[in-house]
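One file, entry-v4.cif, carrying mmCIF, C-alpha atoms:
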```cif
data_structure
loop_
_atom_site.label_atom_id
_atom_site.label_comp_id
_atom_site.auth_asym_id
_atom_site.auth_seq_id
_atom_site.Cartn_x
_atom_site.Cartn_y
_atom_site.Cartn_z
CA MET A 1 0.00 0.00 0.00
CA GLU A 2 1.16 3.54 -0.72
CA LEU A 3 2.18 5.57 2.34
CA LYS A 4 -0.21 8.42 1.56
CA GLN A 5 -3.12 6.07 1.00
CA ALA A 6 -2.27 4.16 4.18
CA ILE A 7 -2.29 7.32 6.29
CA GLN A 8 -5.48 8.66 4.71
CA THR A 9 -7.53 5.49 4.80
CA ARG A 10 -6.57 4.06 8.19
CA ARG A 11 -9.51 4.30 10.57
CA SER A 12 -10.26 3.15 14.08
CA ILE A 13 -11.91 -0.26 13.80
CA ARG A 14 -13.90 -1.74 16.69
CA ALA A 15 -15.80 -4.59 14.96
CA TYR A 16 -13.89 -7.63 13.76
CA GLN A 17 -14.57 -10.74 11.70
CA ALA A 18 -14.13 -14.09 13.44
CA ARG A 19 -11.16 -14.85 11.14
CA THR A 20 -7.97 -15.35 13.11
CA ILE A 21 -4.69 -13.60 12.36
CA SER A 22 -1.81 -15.90 11.55
CA ALA A 23 1.24 -15.83 13.79
CA ALA A 24 3.32 -14.93 10.72
CA VAL A 25 1.24 -11.81 10.07
CA ILE A 26 1.55 -10.69 13.69
CA ARG A 27 5.31 -11.17 13.61
CA ARG A 28 5.52 -9.22 10.34
CA LEU A 29 3.55 -6.33 11.85
CA LEU A 30 5.70 -6.12 14.94
CA ASP A 31 8.85 -6.54 12.89
CA LEU A 32 7.85 -3.46 10.91
CA ALA A 33 6.58 -1.45 13.90
CA ARG A 34 9.96 -1.60 15.63
CA TYR A 35 11.42 0.69 12.94
CA ALA A 36 9.60 3.52 14.73
CA PRO A 37 11.76 6.34 16.09
CA SER A 38 12.70 6.18 19.78
CA SER A 39 14.64 8.34 22.24
CA LEU A 40 18.38 7.92 21.61
CA ASP A 41 17.39 4.96 19.43
CA GLY A 42 16.77 2.91 22.60
CA GLN A 43 14.12 0.72 20.88
CA PRO A 44 12.64 0.09 24.34
CA TRP A 45 9.60 -1.87 23.20
CA HIS A 46 7.95 -5.04 24.42
CA PHE A 47 4.85 -6.41 22.74
CA ILE A 48 2.54 -8.77 24.61
CA VAL A 49 0.46 -10.65 22.04
CA VAL A 50 -2.78 -11.71 23.72
CA THR A 51 -5.06 -14.23 22.02
CA GLU A 52 -6.31 -16.35 24.97
CA PRO A 53 -9.97 -15.54 25.58
CA LYS A 54 -9.54 -15.50 29.36
CA ILE A 55 -6.78 -12.90 29.27
CA LYS A 56 -8.66 -10.84 26.67
CA ALA A 57 -11.74 -10.89 28.90
CA LYS A 58 -9.67 -9.56 31.78
CA LEU A 59 -8.28 -6.77 29.59
CA VAL A 60 -11.87 -5.80 28.69
CA LYS A 61 -12.91 -5.78 32.33
CA LEU A 62 -9.96 -3.63 33.36
CA LYS A 63 -10.47 -1.11 30.56
CA ASN A 64 -14.16 -0.80 31.42
CA ARG A 65 -13.47 -0.42 35.14
CA PHE A 66 -11.07 2.46 34.50
CA CYS A 67 -13.01 4.10 31.67
CA PRO A 68 -13.42 7.88 32.20
CA VAL A 69 -16.99 9.22 32.26
CA GLU A 70 -16.62 11.17 29.00
CA LYS A 71 -15.53 8.03 27.14
CA GLN A 72 -18.31 5.72 28.36
CA MET A 73 -19.74 5.49 24.85
CA TYR A 74 -16.54 3.70 23.93
CA ARG A 75 -16.73 0.73 26.27
CA ALA A 76 -14.08 -1.91 25.64
CA ASP A 77 -16.44 -4.89 25.25
CA PHE A 78 -15.66 -5.04 21.53
CA MET A 79 -12.07 -5.99 22.37
CA GLY A 80 -13.22 -9.45 23.48
CA ALA A 81 -14.03 -10.21 19.83
CA ALA A 82 -10.62 -9.10 18.49
CA PRO A 83 -8.63 -12.18 17.43
CA ALA A 84 -5.48 -10.62 18.86
CA VAL A 85 -4.68 -7.77 21.20
CA ILE A 86 -1.21 -6.24 21.41
CA VAL A 87 -0.27 -4.66 24.72
CA VAL A 88 2.56 -2.26 23.90
CA CYS A 89 5.03 -1.76 26.75
CA VAL A 90 8.34 0.03 27.17
CA ASP A 91 11.41 -0.78 29.21
CA LYS A 92 12.09 2.23 31.46
CA GLN A 93 15.79 1.41 31.39
CA ARG A 94 15.88 2.04 27.65
CA SER A 95 13.42 4.95 27.48
CA PHE A 96 15.45 7.95 28.72
CA ASN A 97 12.49 9.34 30.70
CA ARG A 98 10.28 9.24 27.63
CA ASP A 99 8.27 6.06 28.34
CA ILE A 100 4.95 7.33 27.03
CA GLU A 101 6.37 9.01 23.95
CA ASN A 102 8.31 5.90 22.93
CA GLY A 103 5.24 3.72 23.42
CA VAL A 104 3.01 6.03 21.40
CA LEU A 105 5.53 6.32 18.56
CA VAL A 106 5.65 2.57 18.07
CA THR A 107 1.87 2.31 18.39
CA ALA A 108 1.33 4.84 15.59
CA THR A 109 3.66 2.80 13.40
CA LEU A 110 2.02 -0.48 14.40
CA MET A 111 -1.44 0.82 13.48
CA LEU A 112 -0.25 1.88 10.03
CA ALA A 113 1.55 -1.44 9.55
CA ALA A 114 -1.65 -3.27 10.53
CA HIS A 115 -3.67 -1.26 8.02
CA GLY A 116 -1.07 -2.13 5.37
CA GLU A 117 -1.73 -5.82 6.12
CA GLY A 118 -5.49 -5.31 5.75
CA LEU A 119 -6.07 -5.36 9.52
CA GLY A 120 -8.15 -2.95 11.54
CA SER A 121 -7.03 -1.64 14.92
CA VAL A 122 -7.81 1.01 17.47
CA TYR A 123 -5.70 2.91 20.00
CA LEU A 124 -6.49 2.35 23.68
CA SER A 125 -4.43 3.66 26.57
CA ALA A 126 -2.93 1.23 29.06
CA TYR A 127 -2.58 3.72 31.92
CA ARG A 128 -4.17 6.73 33.51
CA THR A 129 -1.90 9.18 35.24
CA ASP A 130 -4.73 10.06 37.65
CA LYS A 131 -5.47 6.37 38.39
CA PRO A 132 -2.33 4.22 38.61
CA GLY A 133 -4.56 1.21 39.31
CA LEU A 134 -5.04 0.50 35.60
CA ALA A 135 -1.33 0.09 34.84
CA ALA A 136 -0.82 -1.80 38.12
CA ALA A 137 -3.58 -4.28 37.30
CA LEU A 138 -2.21 -4.79 33.78
CA ARG A 139 1.22 -5.36 35.26
CA ARG A 140 -0.15 -8.14 37.47
CA LEU A 141 -2.25 -9.70 34.69
CA LEU A 142 0.61 -9.77 32.18
CA ARG A 143 3.36 -10.45 34.75
CA LEU A 144 5.34 -7.38 33.75
CA PRO A 145 8.56 -6.75 35.69
CA ALA A 146 8.77 -3.38 37.48
CA ARG A 147 10.87 -1.78 34.75
CA ILE A 148 8.31 -2.61 32.04
CA THR A 149 5.52 -0.03 31.67
CA PRO A 150 2.35 -0.70 29.68
CA VAL A 151 1.52 2.24 27.39
CA THR A 152 -1.16 1.19 24.89
CA ILE A 153 -3.53 -1.66 24.11
CA VAL A 154 -4.17 -2.30 20.43
CA PRO A 155 -6.91 -4.77 19.44
CA LEU A 156 -6.36 -6.18 15.95
CA GLY A 157 -8.68 -7.94 13.53
CA TYR A 158 -10.06 -8.03 10.02
CA ALA A 159 -12.64 -5.24 9.91
CA ASP A 160 -16.31 -6.10 10.15
CA GLU A 161 -17.42 -2.49 9.79
CA THR A 162 -16.94 0.37 7.34
CA PRO A 163 -16.71 3.63 9.27
CA GLU A 164 -18.45 6.71 7.92
CA PRO A 165 -16.11 9.12 6.10
CA LYS A 166 -14.19 11.13 8.67
CA ALA A 167 -15.17 14.78 9.15
CA MET A 168 -11.81 16.52 9.03
CA ARG A 169 -11.09 19.81 10.77
CA ALA A 170 -9.86 22.34 8.21
CA LEU A 171 -6.09 22.55 7.92
CA ALA A 172 -6.40 26.34 7.90
CA GLU A 173 -7.55 26.18 11.54
CA MET A 174 -4.43 24.24 12.51
CA ILE A 175 -1.62 25.93 10.63
CA HIS A 176 0.22 29.02 11.91
CA TYR A 177 3.33 30.80 10.69
CA GLU A 178 6.15 31.75 13.06
CA GLN A 179 3.74 32.33 15.94
CA PHE A 180 0.22 31.33 16.90
CA ARG A 181 -2.43 32.97 14.68
CA ARG A 182 0.09 34.54 12.37
CA VAL A 183 -0.42 33.97 8.66
CA PRO A 184 2.28 34.30 5.99
CA MET B 1 6.58 5.57 -1.58
CA GLU B 2 5.41 2.20 -0.26
CA LEU B 3 4.31 2.17 3.39
CA LYS B 4 6.70 -0.61 4.33
CA GLN B 5 9.64 1.07 2.66
CA ALA B 6 8.72 4.41 4.25
CA ILE B 7 8.67 2.90 7.75
CA GLN B 8 11.87 0.94 7.24
CA THR B 9 13.96 3.66 5.62
CA ARG B 10 12.90 6.73 7.67
CA ARG B 11 15.80 7.83 9.86
CA SER B 12 16.46 10.73 12.18
CA ILE B 13 18.15 13.44 10.12
CA ARG B 14 20.06 16.28 11.78
CA ALA B 15 22.03 17.72 8.83
CA TYR B 16 20.18 19.60 6.11
CA GLN B 17 20.93 21.08 2.71
CA ALA B 18 20.47 24.84 2.34
CA ARG B 19 17.58 24.19 -0.07
CA THR B 20 14.33 25.68 1.22
CA ILE B 21 11.06 23.75 1.45
CA SER B 22 8.22 25.23 -0.56
CA ALA B 23 5.12 26.37 1.28
CA ALA B 24 3.12 23.94 -0.85
CA VAL B 25 5.19 20.97 0.36
CA ILE B 26 4.76 22.02 3.99
CA ARG B 27 1.02 22.34 3.57
CA ARG B 28 0.88 18.92 1.89
CA LEU B 29 2.79 17.34 4.78
CA LEU B 30 0.56 18.84 7.43
CA ASP B 31 -2.53 18.05 5.40
CA LEU B 32 -1.52 14.39 5.46
CA ALA B 33 -0.33 14.35 9.09
CA ARG B 34 -3.75 15.40 10.39
CA TYR B 35 -5.15 12.00 9.35
CA ALA B 36 -3.42 10.61 12.44
CA PRO B 37 -5.62 8.98 15.07
CA SER B 38 -6.66 11.14 18.04
CA SER B 39 -8.67 10.66 21.23
CA LEU B 40 -12.39 10.65 20.39
CA ASP B 41 -11.33 11.95 16.96
CA GLY B 42 -10.76 15.39 18.51
CA GLN B 43 -8.05 16.30 15.95
CA PRO B 44 -6.66 18.73 18.53
CA TRP B 45 -3.59 19.78 16.57
CA HIS B 46 -1.94 23.11 15.91
CA PHE B 47 1.20 23.35 13.82
CA ILE B 48 3.48 26.37 14.15
CA VAL B 49 5.64 26.55 11.02
CA VAL B 50 8.85 28.38 11.94
CA THR B 51 11.20 29.58 9.19
CA GLU B 52 12.37 32.98 10.53
CA PRO B 53 16.03 32.67 11.58
CA LYS B 54 15.49 34.71 14.75
CA ILE B 55 12.73 32.46 16.03
CA LYS B 56 14.65 29.31 15.03
CA ALA B 57 17.68 30.61 16.94
CA LYS B 58 15.52 31.05 20.03
CA LEU B 59 14.18 27.51 19.68
CA VAL B 60 17.78 26.22 19.55
CA LYS B 61 18.73 28.22 22.64
CA LEU B 62 15.75 26.95 24.61
CA LYS B 63 16.30 23.32 23.65
CA ASN B 64 19.97 23.55 24.64
CA ARG B 65 19.19 25.28 27.93
CA PHE B 66 16.77 22.49 28.92
CA CYS B 67 18.77 19.60 27.49
CA PRO B 68 19.15 16.73 30.01
CA VAL B 69 22.70 15.65 30.88
CA GLU B 70 22.40 12.24 29.19
CA LYS B 71 21.37 13.86 25.91
CA GLN B 72 24.13 16.48 25.71
CA MET B 73 25.66 14.76 22.69
CA TYR B 74 22.50 15.71 20.88
CA ARG B 75 22.64 19.48 21.20
CA ALA B 76 20.02 21.32 19.19
CA ASP B 77 22.43 23.61 17.28
CA PHE B 78 21.75 21.71 14.07
CA MET B 79 18.13 22.94 14.17
CA GLY B 80 19.28 26.44 13.24
CA ALA B 81 20.17 25.08 9.78
CA ALA B 82 16.81 23.41 9.18
CA PRO B 83 14.87 25.38 6.56
CA ALA B 84 11.66 24.82 8.53
CA VAL B 85 10.78 23.71 12.04
CA ILE B 86 7.30 22.54 12.96
CA VAL B 87 6.26 23.01 16.58
CA VAL B 88 3.44 20.54 17.13
CA CYS B 89 0.90 21.65 19.72
CA VAL B 90 -2.43 20.36 20.97
CA ASP B 91 -5.53 22.15 22.16
CA LYS B 92 -6.31 20.86 25.65
CA GLN B 93 -9.99 21.48 25.08
CA ARG B 94 -9.99 18.89 22.28
CA SER B 95 -7.55 16.38 23.79
CA PHE B 96 -9.63 14.54 26.41
CA ASN B 97 -6.74 14.49 28.91
CA ARG B 98 -4.44 12.90 26.35
CA ASP B 99 -2.43 15.95 25.25
CA ILE B 100 0.91 14.20 24.93
CA GLU B 101 -0.44 11.11 23.25
CA ASN B 102 -2.34 13.14 20.63
CA GLY B 103 0.73 15.24 19.93
CA VAL B 104 3.00 12.22 19.56
CA LEU B 105 0.53 10.40 17.28
CA VAL B 106 0.46 13.27 14.81
CA THR B 107 4.23 13.70 15.03
CA ALA B 108 4.83 10.05 14.08
CA THR B 109 2.56 10.54 11.08
CA LEU B 110 4.21 13.84 10.17
CA MET B 111 7.69 12.28 10.19
CA LEU B 112 6.57 9.50 7.85
CA ALA B 113 4.80 12.00 5.59
CA ALA B 114 8.00 14.10 5.49
CA HIS B 115 10.05 11.06 4.53
CA GLY B 116 7.54 10.30 1.78
CA GLU B 117 8.20 13.81 0.40
CA GLY B 118 11.96 13.22 0.46
CA LEU B 119 12.44 15.32 3.60
CA GLY B 120 14.47 14.43 6.67
CA SER B 121 13.23 15.17 10.18
CA VAL B 122 13.94 14.35 13.79
CA TYR B 123 11.75 14.14 16.88
CA LEU B 124 12.46 16.62 19.67
CA SER B 125 10.32 17.08 22.78
CA ALA B 126 8.79 20.48 23.49
CA TYR B 127 8.35 19.98 27.23
CA ARG B 128 9.87 18.33 30.25
CA THR B 129 7.54 17.22 33.01
CA ASP B 130 10.33 17.84 35.55
CA LYS B 131 11.06 21.33 34.17
CA PRO B 132 7.94 23.22 33.09
CA GLY B 133 10.19 26.14 32.10
CA LEU B 134 10.74 24.70 28.62
CA ALA B 135 7.06 24.59 27.67
CA ALA B 136 6.47 27.97 29.36
CA ALA B 137 9.27 29.62 27.37
CA LEU B 138 7.99 28.10 24.12
CA ARG B 139 4.53 29.37 24.96
CA ARG B 140 5.86 32.91 25.32
CA LEU B 141 8.03 32.71 22.20
CA LEU B 142 5.25 31.36 19.99
CA ARG B 143 2.44 33.32 21.69
CA LEU B 144 0.47 30.20 22.49
CA PRO B 145 -2.80 30.70 24.38
CA ALA B 146 -3.09 28.86 27.71
CA ARG B 147 -5.14 26.01 26.26
CA ILE B 148 -2.49 25.24 23.60
CA THR B 149 0.28 22.90 24.76
CA PRO B 150 3.51 22.38 22.82
CA VAL B 151 4.38 18.68 22.53
CA THR B 152 7.10 18.21 19.93
CA ILE B 153 9.53 20.20 17.78
CA VAL B 154 10.25 18.73 14.36
CA PRO B 155 13.04 20.27 12.26
CA LEU B 156 12.58 19.54 8.55
CA GLY B 157 14.97 19.69 5.63
CA TYR B 158 16.44 17.87 2.67
CA ALA B 159 19.02 15.49 4.16
CA ASP B 160 22.68 16.37 3.99
CA GLU B 161 23.77 13.15 5.70
CA THR B 162 23.33 9.42 5.18
CA PRO B 163 23.03 7.75 8.57
CA GLU B 164 24.77 4.44 9.17
CA PRO B 165 22.46 1.41 8.90
CA LYS B 166 20.47 1.13 12.11
CA ALA B 167 21.40 -1.65 14.54
CA MET B 168 18.06 -3.22 15.31
CA ARG B 169 17.25 -5.02 18.55
CA ALA B 170 16.07 -8.55 17.76
CA LEU B 171 12.31 -8.91 17.55
CA ALA B 172 12.59 -12.10 19.63
CA GLU B 173 13.64 -9.96 22.61
CA MET B 174 10.52 -7.83 22.28
CA ILE B 175 7.74 -10.30 21.56
CA HIS B 176 5.85 -12.19 24.26
CA TYR B 177 2.77 -14.37 24.14
CA GLU B 178 -0.14 -13.88 26.57
CA GLN B 179 2.20 -12.78 29.35
CA PHE B 180 5.71 -11.40 29.71
CA ARG B 181 8.39 -13.95 28.81
CA ARG B 182 5.93 -16.55 27.69
CA VAL B 183 6.53 -18.09 24.28
CA PRO B 184 3.91 -19.89 22.18
#
```
Translate this structure into structure tokens?
Amino acid sequence: MELKQAIQTRRSIRAYQARTISAAVIRRLLDLARYAPSSLDGQPWHFIVVTEPKIKAKLVKLKNRFCPVEKQMYRADFMGAAPAVIVVCVDKQRSFNRDIENGVLVTATLMLAAHGEGLGSVYLSAYRTDKPGLAAALRRLLRLPARITPVTIVPLGYADETPEPKAMRALAEMIHYEQFRRVP
Amino acid sequence: MELKQAIQTRRSIRAYQARTISAAVIRRLLDLARYAPSSLDGQPWHFIVVTEPKIKAKLVKLKNRFCPVEKQMYRADFMGAAPAVIVVCVDKQRSFNRDIENGVLVTATLMLAAHGEGLGSVYLSAYRTDKPGLAAALRRLLRLPARITPVTIVPLGYADETPEPKAMRALAEMIHYEQFRRVP
């Protein structure tokens, strides 16, 4: 797939076909994702590939328990039907105080790589700074050592929905020259 | 450019040719970057396009002043020679408490889009959680309203260096099944 097309046509997908994802495809995705930029090229990533229904169900429960009020319309139940869920983590010892940034950078790349393989995905956070309980519970569930921090949760699957075209904010609202609200 | 090739061949570029970047190319980049995912599709982004030497020089000075000890080998002086610098900001009122994440997601997309246009770039942070002075100084310099938070600084230019091939950490070190350190 062309880069431009990949960026423009990737959408958040929350409904998946029953079709499983082969282990080879998952490896290929992660192999590509790790080319993402990282602080001082530390490549601090760890990917937990979850396919067992019991662990997926616990991920759903945790995400719902810690869901903020304003995001209640996006409950995580759909994740139980994803054939695979990638929990993206970073090793603090390789992150140079940029845990979150490194985790998000690889997640952005992973989502594009997934789209390039014909897979749908959606970005979910694996922590809340105001509620450390979410990350702590994930750490217990996935047996993460203390230095490994969960950053995102990315359900993957072949799309079983076609989202409406995205209403884009005008670029003119977002672009400024030299300083905020200056035009050329 | 193919998506896979774009992801695999993008590298951090810190040396730039004198050649300027046309306004049309910059608009095209930002137009593509804003297809990045964002929390509740808030598209909270603001891009400050800096090309004036005086403002670039101030960005360099600020980045150097707030550079952590372990990153001193990456001083920001090179940024003064970048024909354009994009300061990526987010509007807190559209970010749903995920300012940083939204800013990093669009930055990852912007860096790939730049590479697709034949431009080099590098990811720099626009804040330090332990030293709010950096973001505060950027806010004054760029006249950002209180609700607008700077997240990253992305120098752009046609590459004047060819980085050594990247030493990649083995995927096998990063991939786990169901739980940390479990294999299939």
query = With distances taken over all atoms listed in the file, which of B:Phe66, B:Phe180, B:Tyr35, B:Trp45 is nearest to B:Thr129?
reply =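 Ranking B:Phe66, B:Phe180, B:Tyr35, B:Trp45 by distance to B:Thr129, first place goes to B:Phe66.
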Spatial neighbours of B:Val50, 6 Å, all atoms listed in the file, chain gap at least 4 places, as a PyMOL selection string = (chain A and resi 178) or (chain B and resi 84-85)
request  = Rank nothing, just name the residue among B:Gln5, B:Gln179, B:Thr107, B:Gln72 nearest to chain A, using all atoms listed in the file.
outcome  =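 Ranked by minimum distance to chain A, first place goes to B:Gln179.
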Resolved residues for the PyMOL selection byres ((chain A) within 6 of (chain B)) as a ChimeraX atom specification = /A:1-3,8,35,46-50,105,108,142-144,174-180
ask   = Any idea what the distance is between atom CA of B:Thr149 and atom CA of A:Pro165?
value =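 Distance reported for this atom pair: 28.4 Å.
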Report, as JSON, the axis-aligned box around all atoms of stretch 125-136 of chain B present in the file, extended by 5 Å on each side; give centre and edge lengths in Å to one decimal place.
```
{"center_x": 8.8, "center_y": 22.5, "center_z": 29.2, "size_x": 14.6, "size_y": 20.9, "size_z": 22.8}
```
note = Taken to one decimal, the atom CA of B:Asp130-atom CA of A:Pro132 distance is 18.8 Å
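Note that the spacing between atom CA of B:Ala114 and atom CA of B:Met79 amounts to 16.0 Å.
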query = With all atoms listed in the file as the atoms that count, which of A:Ile26, A:Ile153, A:Ala137, A:Ala159 lies nearest to A:Arg65?
reply =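 Nearest to A:Arg65: A:Ala137.
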ask   = So which one's closest to A:Tyr127, A:Met73, A:Leu156, A:Leu62, A:Ala146? Using all atoms listed in the file, please.
value = A:Leu62
